[in-house]
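> If it helps, the file is called target23.cif and holds mmCIF, C-alpha atoms and all ligand atoms:
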data_structure
loop_
_atom_site.label_atom_id
_atom_site.label_comp_id
_atom_site.auth_asym_id
_atom_site.auth_seq_id
_atom_site.Cartn_x
_atom_site.Cartn_y
_atom_site.Cartn_z
CA MET A 1 125.06 -90.76 -157.79
CA ILE A 2 124.14 -87.67 -155.81
CA HIS A 3 121.83 -87.60 -152.80
CA LEU A 4 121.36 -84.13 -151.29
CA ILE A 5 119.32 -83.29 -148.21
CA LEU A 6 117.95 -79.75 -148.23
CA PHE A 7 117.61 -78.95 -144.57
CA GLY A 8 116.35 -76.14 -142.37
CA PRO A 9 113.51 -75.00 -140.11
CA PRO A 10 109.96 -74.44 -141.40
CA GLY A 11 110.02 -71.29 -143.54
CA ALA A 12 113.73 -71.56 -144.37
CA GLY A 13 112.91 -71.81 -148.08
CA LYS A 14 113.53 -75.52 -148.66
CA GLY A 15 110.69 -75.92 -151.17
CA THR A 16 111.63 -72.84 -153.19
CA GLN A 17 115.31 -73.70 -153.27
CA ALA A 18 114.69 -77.39 -153.98
CA GLN A 19 112.89 -76.22 -157.13
CA SER A 20 115.89 -74.05 -158.15
CA LEU A 21 118.25 -77.00 -157.67
CA VAL A 22 115.93 -79.32 -159.60
CA ASP A 23 115.72 -76.82 -162.49
CA TYR A 24 119.51 -76.50 -162.55
CA PHE A 25 120.68 -80.08 -161.97
CA LYS A 26 117.56 -81.99 -163.18
CA PHE A 27 117.57 -84.17 -160.07
CA MET A 28 114.54 -86.02 -158.71
CA HIS A 29 112.75 -83.95 -156.04
CA ILE A 30 111.20 -85.63 -153.01
CA SER A 31 109.20 -83.41 -150.65
CA THR A 32 107.51 -85.38 -147.88
CA GLY A 33 105.36 -82.29 -147.14
CA ASP A 34 104.10 -82.28 -150.76
CA LEU A 35 103.57 -86.06 -150.70
CA LEU A 36 101.54 -85.75 -147.48
CA ARG A 37 99.47 -82.85 -148.84
CA GLY A 38 98.80 -84.99 -151.95
CA GLU A 39 97.49 -87.78 -149.72
CA ILE A 40 95.29 -85.28 -147.85
CA ALA A 41 93.89 -83.88 -151.11
CA ALA A 42 93.15 -87.43 -152.32
CA LYS A 43 91.46 -88.13 -148.96
CA THR A 44 93.37 -91.38 -148.47
CA GLU A 45 93.51 -93.07 -145.07
CA LEU A 46 97.17 -92.08 -144.73
CA GLY A 47 96.23 -88.46 -145.59
CA LEU A 48 93.42 -88.26 -143.06
CA GLU A 49 95.69 -89.66 -140.35
CA ALA A 50 98.56 -87.28 -141.27
CA LYS A 51 96.32 -84.20 -141.36
CA ARG A 52 95.77 -84.31 -137.59
CA PHE A 53 99.50 -84.06 -136.95
CA ILE A 54 100.18 -81.46 -139.64
CA ASP A 55 97.38 -79.15 -138.49
CA ALA A 56 98.71 -79.30 -134.92
CA GLY A 57 102.22 -78.42 -136.10
CA GLU A 58 103.50 -81.85 -135.04
CA LEU A 59 105.54 -84.34 -137.06
CA VAL A 60 103.77 -87.17 -138.82
CA PRO A 61 104.90 -90.54 -137.31
CA ASP A 62 108.21 -91.90 -138.60
CA GLU A 63 106.71 -95.19 -139.92
CA THR A 64 104.36 -93.24 -142.18
CA VAL A 65 106.97 -91.02 -143.83
CA ILE A 66 109.59 -93.76 -144.00
CA GLY A 67 106.96 -95.94 -145.74
CA MET A 68 106.36 -93.23 -148.35
CA ILE A 69 110.10 -93.02 -149.10
CA LYS A 70 110.36 -96.83 -149.32
CA ASN A 71 107.70 -96.76 -152.01
CA LEU A 72 110.02 -94.56 -154.10
CA LEU A 73 113.17 -96.59 -153.49
CA ASP A 74 113.30 -98.20 -156.95
CA ARG A 75 113.55 -94.74 -158.52
CA ILE A 76 115.76 -93.28 -155.77
CA CYS A 77 118.27 -96.05 -156.43
CA THR A 78 118.44 -95.54 -160.18
CA VAL A 79 118.21 -91.80 -161.00
CA PRO A 80 121.40 -89.66 -161.30
CA GLY A 81 120.48 -87.44 -158.37
CA VAL A 82 117.89 -86.87 -155.65
CA ILE A 83 117.01 -83.81 -153.57
CA TYR A 84 115.31 -84.66 -150.28
CA ASP A 85 113.22 -81.69 -149.09
CA GLY A 86 111.74 -81.96 -145.59
CA PHE A 87 113.10 -85.49 -145.09
CA PRO A 88 114.71 -86.78 -142.93
CA ARG A 89 113.28 -84.81 -140.00
CA THR A 90 114.24 -87.15 -137.13
CA VAL A 91 117.30 -89.27 -136.35
CA ALA A 92 115.15 -92.41 -136.87
CA GLN A 93 114.29 -91.19 -140.38
CA ALA A 94 117.98 -90.47 -141.11
CA ILE A 95 118.98 -93.97 -140.02
CA ALA A 96 116.18 -95.50 -142.14
CA LEU A 97 117.31 -93.47 -145.17
CA ASP A 98 120.94 -94.57 -144.68
CA THR A 99 119.80 -98.20 -144.52
CA MET A 100 117.67 -97.87 -147.65
CA LEU A 101 120.49 -96.19 -149.60
CA THR A 102 123.04 -98.75 -148.44
CA SER A 103 120.73 -101.47 -149.81
CA CYS A 104 121.41 -100.10 -153.31
CA LYS A 105 125.06 -99.17 -152.61
CA GLU A 106 124.27 -95.47 -152.45
CA GLY A 107 124.70 -92.91 -149.67
CA ILE A 108 124.01 -89.31 -148.69
CA THR A 109 126.36 -86.89 -150.46
CA ALA A 110 125.66 -83.83 -148.31
CA LEU A 111 123.20 -82.04 -146.08
CA LEU A 112 122.74 -78.39 -147.11
CA SER A 113 121.32 -76.47 -144.18
CA LEU A 114 119.56 -73.14 -144.83
CA GLU A 115 120.24 -70.86 -141.85
CA VAL A 116 117.50 -68.28 -141.16
CA PRO A 117 116.83 -66.36 -137.88
CA HIS A 118 113.69 -67.18 -135.89
CA ASP A 119 111.80 -63.89 -136.42
CA GLU A 120 112.35 -64.02 -140.17
CA LEU A 121 110.91 -67.60 -140.22
CA VAL A 122 107.69 -66.53 -138.46
CA LYS A 123 107.30 -63.53 -140.80
CA ARG A 124 107.75 -65.69 -143.91
CA LEU A 125 105.35 -68.42 -142.72
CA LEU A 126 102.59 -65.94 -141.85
CA LEU A 127 102.94 -64.38 -145.30
CA ARG A 128 102.84 -67.82 -146.95
CA GLY A 129 99.72 -68.69 -144.93
CA GLU A 130 97.92 -65.66 -146.35
CA SER A 131 98.64 -66.60 -149.96
CA SER A 132 98.66 -70.42 -149.87
CA GLY A 133 95.82 -71.12 -147.46
CA ARG A 134 97.99 -73.78 -145.78
CA THR A 135 96.27 -74.47 -142.47
CA ASP A 136 99.59 -75.10 -140.69
CA ASP A 137 100.78 -71.59 -141.64
CA ALA A 138 97.61 -69.84 -140.48
CA ASP A 139 98.36 -68.92 -136.87
CA VAL A 140 101.38 -67.95 -134.82
CA ALA A 141 100.86 -70.66 -132.16
CA THR A 142 101.00 -73.49 -134.75
CA ILE A 143 104.00 -71.90 -136.44
CA GLU A 144 105.84 -71.52 -133.11
CA ASN A 145 105.06 -75.15 -132.28
CA ARG A 146 106.58 -76.29 -135.58
CA ILE A 147 109.72 -74.29 -134.87
CA THR A 148 109.92 -75.78 -131.35
CA VAL A 149 109.44 -79.32 -132.72
CA TYR A 150 112.17 -78.55 -135.26
CA GLY A 151 114.53 -77.62 -132.41
CA GLN A 152 113.72 -80.76 -130.42
CA LYS A 153 113.45 -83.45 -133.08
CA THR A 154 115.05 -82.20 -136.30
CA GLN A 155 118.01 -80.05 -135.26
CA PRO A 156 119.80 -83.10 -133.72
CA LEU A 157 120.35 -84.22 -137.33
CA ILE A 158 122.96 -81.48 -137.62
CA ASP A 159 125.13 -83.42 -135.15
CA TYR A 160 124.38 -86.69 -136.93
CA TYR A 161 125.57 -85.38 -140.32
CA THR A 162 128.43 -83.29 -138.83
CA LYS A 163 129.91 -86.52 -137.46
CA LEU A 164 129.68 -87.96 -140.98
CA LYS A 165 131.38 -84.76 -142.32
CA LYS A 166 128.34 -84.07 -144.51
CA TYR A 167 126.93 -80.94 -142.88
CA HIS A 168 127.16 -77.70 -144.90
CA PRO A 169 125.51 -74.52 -143.52
CA ILE A 170 124.27 -72.02 -146.12
CA GLU A 171 123.19 -68.44 -145.37
CA GLY A 172 119.42 -68.51 -146.02
CA VAL A 173 118.72 -64.75 -145.93
CA GLY A 174 118.85 -62.77 -149.18
CA SER A 175 117.04 -62.88 -152.50
CA VAL A 176 115.85 -66.26 -153.84
CA GLU A 177 118.44 -65.93 -156.64
CA GLU A 178 121.29 -65.15 -154.25
CA ILE A 179 120.51 -68.17 -152.11
CA SER A 180 120.14 -70.42 -155.19
CA ALA A 181 123.55 -69.25 -156.39
CA ARG A 182 125.09 -70.10 -152.98
CA LEU A 183 123.54 -73.57 -153.07
CA ILE A 184 124.53 -74.31 -156.66
CA SER A 185 128.14 -73.29 -156.08
CA LYS A 186 128.26 -75.42 -152.92
CA VAL A 187 126.89 -78.46 -154.78
CA LYS A 188 129.44 -77.96 -157.57
CA SER A 189 132.23 -77.86 -154.98
CA LEU A 190 131.26 -81.17 -153.35
P1 LIG A 201 107.63 -76.73 -143.67
O1 LIG A 201 109.03 -77.20 -143.76
O2 LIG A 201 107.43 -75.36 -144.19
O3 LIG A 201 107.03 -76.91 -142.31
P2 LIG A 201 106.66 -79.09 -145.16
O4 LIG A 201 105.81 -78.97 -146.35
O5 LIG A 201 108.04 -79.65 -145.34
O6 LIG A 201 106.71 -77.61 -144.60
O7 LIG A 201 105.95 -79.96 -144.02
C1 LIG A 201 104.64 -79.67 -143.57
C2 LIG A 201 104.26 -80.61 -142.44
O8 LIG A 201 104.22 -81.97 -142.93
C3 LIG A 201 105.23 -80.67 -141.26
O9 LIG A 201 104.99 -79.65 -140.30
C4 LIG A 201 104.94 -82.07 -140.70
O10 LIG A 201 103.76 -82.10 -139.94
C5 LIG A 201 104.69 -82.89 -141.95
N1 LIG A 201 105.93 -83.53 -142.45
C6 LIG A 201 106.58 -83.25 -143.61
N2 LIG A 201 107.68 -84.00 -143.75
C7 LIG A 201 107.76 -84.78 -142.64
C8 LIG A 201 108.69 -85.76 -142.16
N3 LIG A 201 109.80 -86.08 -142.86
N4 LIG A 201 108.44 -86.34 -140.96
C9 LIG A 201 107.35 -86.02 -140.23
N5 LIG A 201 106.44 -85.10 -140.61
C10 LIG A 201 106.64 -84.48 -141.80
#
Can I see the file as structure tokens?


Amino acid sequence: MIHLILFGPPGAGKGTQAQSLVDYFKFMHISTGDLLRGEIAAKTELGLEAKRFIDAGELVPDETVIGMIKNLLDRICTVPGVIYDGFPRTVAQAIALDTMLTSCKEGITALLSLEVPHDELVKRLLLRGESSGRTDDADVATIENRITVYGQKTQPLIDYYTKLKKYHPIEGVGSVEEISARLISKVKSL
């Protein structure tokens, strides 16, 4: 079975491109950002706790997001393919995912990393903030903090998956269709 991590900094287009891949390959889509926003909308305890971190542009604690993925493990272990969007975001999350997948004799197929320059990320996130009302996209300081946190906590995953020979960089600038086509042809070549 296929387990793809769609990777990249905030604003790289993970959500948009995950949708293109899901439409094309009919894989299961797991976005921890969407799951967390669902919890916030439902005003659950987990959501209220997570909101403080999200609004500050910080990562939600590992135990919380790993717990959400564990809850989906029965499905993750049985569907033909999964696209992880926004997860894992720390080395601890990557190790937890490996352990969970090993428990059902599965493993990560590839990490597809959307490469987008810093200034383009900030521009895209500010635009998204205007149309979506997402509080974490509303001001430049929060956006810059997310990009800094990405550099400190998430980028080390590139090394982690490079060592496993699973890291595949993809040019993330261009039209949505161009980038989808790059991703689809990469997945077909795996
Ligand atoms: P983006 O990639 O554009 O920042 P997401 O929707 O993926 O948007 O995530 C929004 C926020 O949710 C993140 O800034 C972070 O606070 C939180 N979040 C999402 N996924 C994770 C994760 N795997 N680990 C920790 N925090 C997460």

> One number please: CA of Gly86 (chain A) to CA of Leu183 (chain A), in Å, one decimal.

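Computing the Euclidean distance for CA of Gly86 (chain A) and CA of Leu183 (chain A) yields 16.3 Å.
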
> How would you report the residues lying within 8 Å of ligand LIG 201 (chain A), as an MDAnalysis selection string, if you count all atoms listed in the file?

chainID A and resid 8:15 31:34 36:37 50:51 53:62 65:66 85:90 93 125 136 146

> Using all atoms listed in the file, which residues sit within 12 Å of Leu164 (chain A) once same-chain residues fewer than 6 positions away are excluded, as a PyMOL selection string?

chain A and resi 94+98+107-111+157-158

> Wanna dump the region 78-138 of chain A-region 178-182 of chain A contacts at 12 Å for me, each residue with its shortest atom pair and the distance in Å to one decimal, counting all atoms listed in the file, ordered by chain and number, as JSON lines?


{"residue": "A:Leu112", "atom": "CA", "partner": "A:Arg182", "partner_atom": "CA", "distance": 10.4}
{"residue": "A:Ser113", "atom": "CA", "partner": "A:Arg182", "partner_atom": "CA", "distance": 11.5}
{"residue": "A:Leu114", "atom": "CA", "partner": "A:Ile179", "partner_atom": "CA", "distance": 8.9}
{"residue": "A:Glu115", "atom": "CA", "partner": "A:Ile179", "partner_atom": "CA", "distance": 10.6}
{"residue": "A:Val116", "atom": "CA", "partner": "A:Ile179", "partner_atom": "CA", "distance": 11.4}

> Measuring between all atoms listed in the file, which one of A:Ala41, A:Val91, A:Met1, A:Leu73 shows the shortest distance to Pro156 (chain A)?

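When distances to Pro156 (chain A) are compared using all atoms listed in the file, the smallest one comes from A:Val91.
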
> If you take only C-alpha atoms and a cut-off of 9 Å, which residues of region 35-129 of chain A touch region 26-29 of chain A, and what are their nearest atom pairs and distances in Å to one decimal, in chain and number order, as CSV?


residue,atom,partner,partner_atom,distance
A:Arg75,CA,A:Met28,CA,8.8
A:Ile76,CA,A:Met28,CA,7.9
A:Val79,CA,A:Met28,CA,7.2
A:Pro80,CA,A:Phe27,CA,6.8
A:Gly81,CA,A:Phe27,CA,4.7
A:Val82,CA,A:Met28,CA,4.6
A:Ile83,CA,A:His29,CA,4.9
A:Tyr84,CA,A:His29,CA,6.3
A:Asp85,CA,A:His29,CA,7.3

> Can you work out the spacing between CA of Leu4 (chain A) and CA of Val149 (chain A) in Å, to one decimal?

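Those two atoms sit 22.6 Å apart.
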
> So, with only C-alpha atoms as the atoms that count, which of A:Ile40, A:Arg128, A:Ile184, A:Thr78 lies closest to Gln19 (chain A)?

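Answer, going by the shortest atom-to-atom distance: A:Ile184.
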
> Which is closest to Gly38 (chain A) among A:Leu21, A:Met68, A:Leu101, A:Val176, if we use all atoms listed in the file?

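Of A:Leu21, A:Met68, A:Leu101, A:Val176, the one nearest Gly38 (chain A), counting all atoms listed in the file, is A:Met68.
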
> Mind pulling up the distance from CA of Met100 (chain A) to CA of Thr64 (chain A)?

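So the two atoms, CA of Thr64 (chain A) and CA of Met100 (chain A), lie 15.1 Å apart.
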
> Can you work out which one of A:Ala92, A:Pro117, A:Ile30, A:Gly129 has the shortest atom-to-atom distance to His3 (chain A), counting only C-alpha atoms?

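Looking at the shortest contact to His3 (chain A), the residue is A:Ile30.
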
> When you count all atoms listed in the file, which of these residues is closest to Arg52 (chain A): A:Thr162, A:Thr135, A:Gln152, A:Ser189?

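For Arg52 (chain A), the nearest of the given residues is A:Thr135.
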
> A:Glu130, A:Asp159, A:Asp139, A:Glu120: which is nearest Gly172 (chain A), counting all atoms listed in the file?

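Among the listed residues, the smallest separation from Gly172 (chain A) belongs to A:Glu120.
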